Amino acid sequence: MGSLPETIPDYLHGLNPVQLDAVRHQGGPLLILAGAGSGKTRVITYKIAYLIRECGIQPRSILAVTFTNKAAGEMRERAASLAPGASECMIRTFHSFGAWFLRRNHERAGLPAGFTIYDDDDVVQLLRSLFPDESKPHLNAQSRAISRAKDYALYPGNDLSAVTHQHEELRDVYRRYHERLREIGNVDFGDLILRPLELLRRDEAVRTRIQQRFRVVLVDEYQDSNVAQFELLRALVGSDSYLCVVGDDDQSIYRFRGAEVRNILTFHEQYPGTTTVRLEQNYRSTGSILNLASEVVARNEGRLGKRLWTEREDGPLPQLAFLSDAEAEVEFCVRILQADARYSNTAILYRTNAQSRLFESEFLRRGIPYRIVGTLRFYEREEVKDVLAVLRLLANPRDEVSFRRIVNKPARSLGLKSVDRIVDVALAGGGDLLDALAAAVPGLTKKAEKARAELDGVFASLTGAVEGSSLSVLVERAAEETGLREYHASQDEYQGSGKVANIDELVNAAGLYGSGREALAEFLEMIELDANRDTAAEDGEAVTLITMHNTKGLEFPRVIITGLEEGLFPRGADEGPGEIEEERRLFYVAVTRAENELYLTSCRYRRLYGRITEYAPSRFLGEIPPELLETLGSGTSSRRIPAASGDPGFGRQGIPAAGGTVSDRLRSASDAEDWEEADDLPPGAGVYHDDYGLGVVQKRWRKGTNVMVRVGFENGRIATFIPRYTPLERVSIDE
DNA sequence: CAATTCGGGATCTGC
DNA sequence: TCCCGAATTG
């Protein structure tokens, strides 16, 4: 690596001293612990520029890995503006890097050139064709377990008990899935990491070549990496490569899909000689927002520890509103929105996508413009997946999942039986389904036989078009000649959906690619991996509706975090302490999105599966020192705020309501509900049960004529009771 | 083989 | 409450 320049180049002058250290660091491994809003992207992009401009590193020997395409795109753009050569760097997501690598080495990796990527839905379909008698929920669970196993780099032969309790069953399911997927010649998301890892481990020539190519490896959002990615990184980084990872252990929120916080917590052990740099100055939020965030996350045990600070002033205190129900919550948000002409200043955050519904319908009704980030992903739409299935089948004719998807859509009298016969013929002869379609298939009815011949004609013609015409023409013809376009057009007609428009969008997108098999594979890869590109225009005055997970990396002048109720957020109230810590980190992420103003809302009643359920306020509210926020309408709370205690899973006290506050007025409507039989057992109340001991009421709802309560006990048990029949003694649980 | 109806169960987060 | 899959019927 080049020598340190004597003077600091001009373009680095905007950096603070710690950032500058991180940018100029050379030699051994570097871990940058970058707090929320600490200018992380800035540091990475400046570092890329610095490596190119000052250290004489070839741009093409720099690999930067991110977790989302959005982050990759942003990094690419910003780096290129600092150092023109940076456009030659390889800046990709882990998965997209894996796909690139496999595409380039497909032969050595044992894959056909036209392999495509199966998403979760495809995986379930494949499992379904292997185990037709299993229920869908069960297959969903198996698919999740398999993908989790792959996150941990586990194979069917490994001990899978970490992934599921039914590991014997999973082993068999996983094994058959694994074999079938190899026969088909496609990969799933996990394979995009695992198969490059396998190849690098077993093929020294490939490993040496790639290690020589990438002299510098940068990883963003390292706290979200999983075990397989950790291993891949290790195989990728040679002894003379420079490795720099950037992340924030406090923002690790993807455990459910295999992210392993330990990767970042133990990085310095895995890579001896690591230099650690902490970016703790926050440039985003006011002091009072940061105070609140820090207080909450400080309760987590498993963290490296870091305290954000800011030069900004304290600003207004975050506000907390207790509301009666989700309708009142919408109303509350609307009022905040109306205090400011700029809708785009505000983001409304929620834990689950389902919560967006009420906001959508109300905003639609009132003419409040909004945009939803990341719910319906473009390629997951039915019509898009249909057309893609045709294309994928052209790319890889052994793709059984895609074949089954479109063979009888629109209906052409090829039912399950006939399709099975065709697939059987294919399996008997190498697995090529398009060949089977062209062959004589025994046992078909006259009608089915005619349909088979027709479909064969369609695919023969499309196959011919793969090399001959441009990709957008191919996509167009694929939609047209299979009848999918017409099929969806008629759906549009009586549903008023915009399916054809989406197909057109797909045709458009294909226009950016060339022609031929390679372009086709590249296009399909982009669609699969760049899942949530917004079809709607980004700009314009609109409120943002978004899940907390999706806000990672974003910021807004004003943030409203909704649904702070025990059981909704944190969600995994009945799971282990690890789950709660993860939820707490998610809360931290959500809070630190806010630049100037922060609002928190908590509803007493919420409709769940058509039933009205009463919830206790989120325990996180009890973890905030009262002086750090303003409870709406008065200085005192109008509802029981859970008091924090040493044991994060337990303990809160009943503070009787203080009347006459704004929040009281806001929640008038549904309070009229009577809960006679369990009147002294509202959520948050302490109870004693003869067998289970001390507990806290988590939820209360109606079932038929009975009132039910769900109680979380000190010993970790969760149980549901009908208070009318079960003796539950109301107790005070103050220490 | 396709269309209609009915009943039971429930996606939490997402590359 | 809503949606999907199974059973039923044409």
# chains A, B, ... in the order shown; residues from 1 in each chain; ligands from 1
call {"tool": "residues_around", "arguments": {"residues": "DT5 of chain B", "least_positions_apart": "3", "cutoff": "12 Å", "atoms": "only C-alpha atoms (C1' of nucleotides)", "output": "VMD selection string"}}
result
chain C and resid 5 to 9
call {"tool": "interface_residues", "arguments": {"of": "chain A", "to": "chain C", "cutoff": "10 Å", "atoms": "only C-alpha atoms (C1' of nucleotides)", "output": "JSON list (two decimals) with C-alpha atoms, in the first residue's frame"}}
result
[["chain", "number", "residue", "atom", "x", "y", "z"],
["A", 135, "SER", "CA", -49.74, -28.46, 4.56],
["A", 136, "LYS", "CA", -48.69, -25.08, 3.37],
["A", 607, "ARG", "CA", -58.23, -4.94, 16.56],
["A", 608, "LEU", "CA", -56.60, -8.28, 16.00],
["A", 609, "TYR", "CA", -58.13, -10.92, 13.75],
["A", 610, "GLY", "CA", -61.39, -9.11, 13.97],
["A", 611, "ARG", "CA", -61.35, -9.07, 17.75]]
call {"tool": "interface_residues", "arguments": {"of": "chain B", "to": "chain A", "cutoff": "12 Å", "atoms": "only C-alpha atoms (C1' of nucleotides)", "output": "list in words"}}
result
DC1, DA2, DG9, DA10, DT11, DC12, DT13, DG14 and DC15 of chain B
call {"tool": "residues_around", "arguments": {"residues": "Gly258 of chain A", "least_positions_apart": "3", "cutoff": "9 Å", "atoms": "only C-alpha atoms (C1' of nucleotides)", "output": "list in words"}}
result
Ser147, Arg148, Ala149, Lys150, Asp151, Tyr152, Asp224, Ser225, Asn226, Val227, Tyr254 and Arg255 of chain A
call {"tool": "closest_residue", "arguments": {"among": "A:Tyr174, A:Val401, A:Tyr379, A:Tyr605", "to": "Ile503 of chain A", "atoms": "only C-alpha atoms"}}
result
A:Tyr379
call {"tool": "select_by_dssp", "arguments": {"residues": "segment 214-398 of chain A", "states": "strand (DSSP E or B)", "output": "number ranges by chain"}}
result
A: 216-219, 226, 242-247, 259, 275-279, 281, 309, 319-323, 346-350, 370-372
call {"tool": "select_by_dssp", "arguments": {"residues": "segment 341-515 of chain A", "states": "alpha helix (DSSP H)", "output": "ChimeraX atom specification"}}
result
/A:356-366,382-395,400-406,416-428,433-438,446-468,471-481,484-495,499-510
call {"tool": "decode", "arguments": {"residues": "segment 3-14 of chain B", "atoms": "N, CA and C atoms (P, O5', C5', C4', C3', O3' and C1' of nucleotides)", "output": "short mmCIF file (atom, residue, chain, number, x, y, z; two decimals), in the first residue's frame"}}
result
data_model
loop_
_atom_site.label_atom_id
_atom_site.label_comp_id
_atom_site.auth_asym_id
_atom_site.auth_seq_id
_atom_site.Cartn_x
_atom_site.Cartn_y
_atom_site.Cartn_z
P DA B 3 -62.51 -20.87 -14.65
"O5'" DA B 3 -63.79 -21.01 -13.72
"C5'" DA B 3 -65.09 -21.09 -14.29
"C4'" DA B 3 -66.11 -21.14 -13.17
"C3'" DA B 3 -65.98 -20.00 -12.16
"O3'" DA B 3 -67.28 -19.47 -11.90
"C1'" DA B 3 -65.82 -22.07 -11.04
P DT B 4 -67.45 -18.28 -10.92
"O5'" DT B 4 -68.03 -18.99 -9.63
"C5'" DT B 4 -69.23 -19.77 -9.70
"C4'" DT B 4 -69.46 -20.39 -8.35
"C3'" DT B 4 -69.41 -19.38 -7.19
"O3'" DT B 4 -70.62 -19.41 -6.47
"C1'" DT B 4 -68.05 -21.29 -6.73
P DT B 5 -70.85 -18.43 -5.27
"O5'" DT B 5 -70.64 -19.41 -4.05
"C5'" DT B 5 -71.33 -20.67 -4.01
"C4'" DT B 5 -70.81 -21.46 -2.83
"C3'" DT B 5 -70.80 -20.66 -1.52
"O3'" DT B 5 -71.42 -21.44 -0.51
"C1'" DT B 5 -68.67 -21.62 -1.91
P DC B 6 -71.92 -20.81 0.82
"O5'" DC B 6 -71.01 -21.55 1.88
"C5'" DC B 6 -70.81 -22.97 1.78
"C4'" DC B 6 -69.55 -23.33 2.54
"C3'" DC B 6 -69.48 -22.67 3.92
"O3'" DC B 6 -69.36 -23.68 4.90
"C1'" DC B 6 -67.44 -22.38 2.70
P DG B 7 -69.63 -23.38 6.39
"O5'" DG B 7 -68.19 -23.64 6.99
"C5'" DG B 7 -67.54 -24.90 6.77
"C4'" DG B 7 -66.09 -24.75 7.14
"C3'" DG B 7 -65.87 -24.14 8.52
"O3'" DG B 7 -65.01 -25.01 9.25
"C1'" DG B 7 -64.63 -22.93 6.87
P DG B 8 -64.73 -24.80 10.74
"O5'" DG B 8 -63.14 -24.63 10.72
"C5'" DG B 8 -62.34 -25.42 9.84
"C4'" DG B 8 -60.99 -24.78 9.70
"C3'" DG B 8 -60.40 -24.29 11.02
"O3'" DG B 8 -59.05 -24.72 11.09
"C1'" DG B 8 -60.54 -22.48 9.46
P DG B 9 -58.25 -24.65 12.37
"O5'" DG B 9 -57.13 -23.59 11.92
"C5'" DG B 9 -56.47 -23.78 10.68
"C4'" DG B 9 -55.79 -22.50 10.30
"C3'" DG B 9 -54.98 -21.89 11.44
"O3'" DG B 9 -53.67 -21.67 10.95
"C1'" DG B 9 -56.46 -20.28 10.50
P DA B 10 -52.54 -21.23 11.83
"O5'" DA B 10 -52.27 -19.74 11.33
"C5'" DA B 10 -52.67 -19.38 10.01
"C4'" DA B 10 -52.32 -17.93 9.81
"C3'" DA B 10 -51.41 -17.37 10.89
"O3'" DA B 10 -50.36 -16.68 10.26
"C1'" DA B 10 -53.48 -16.15 10.81
P DT B 11 -48.98 -17.15 10.21
"O5'" DT B 11 -49.25 -16.02 9.15
"C5'" DT B 11 -49.45 -14.75 9.51
"C4'" DT B 11 -48.12 -14.01 9.50
"C3'" DT B 11 -48.33 -12.53 9.34
"O3'" DT B 11 -48.37 -11.88 10.61
"C1'" DT B 11 -46.83 -13.40 7.66
P DC B 12 -47.95 -12.33 11.93
"O5'" DC B 12 -46.77 -11.32 11.59
"C5'" DC B 12 -46.96 -9.94 11.82
"C4'" DC B 12 -45.62 -9.37 11.61
"C3'" DC B 12 -44.98 -9.74 10.30
"O3'" DC B 12 -44.91 -8.56 9.54
"C1'" DC B 12 -43.48 -10.05 12.16
P DT B 13 -44.24 -8.36 8.31
"O5'" DT B 13 -42.80 -8.07 8.89
"C5'" DT B 13 -42.39 -6.73 9.09
"C4'" DT B 13 -40.97 -6.78 9.56
"C3'" DT B 13 -40.01 -7.25 8.49
"O3'" DT B 13 -39.39 -6.12 7.93
"C1'" DT B 13 -39.53 -8.20 10.62
P DG B 14 -39.66 -5.91 6.41
"O5'" DG B 14 -38.41 -6.71 5.83
"C5'" DG B 14 -37.08 -6.33 6.17
"C4'" DG B 14 -36.15 -7.21 5.37
"C3'" DG B 14 -36.46 -7.23 3.87
"O3'" DG B 14 -35.24 -7.34 3.17
"C1'" DG B 14 -36.70 -9.39 4.73
#
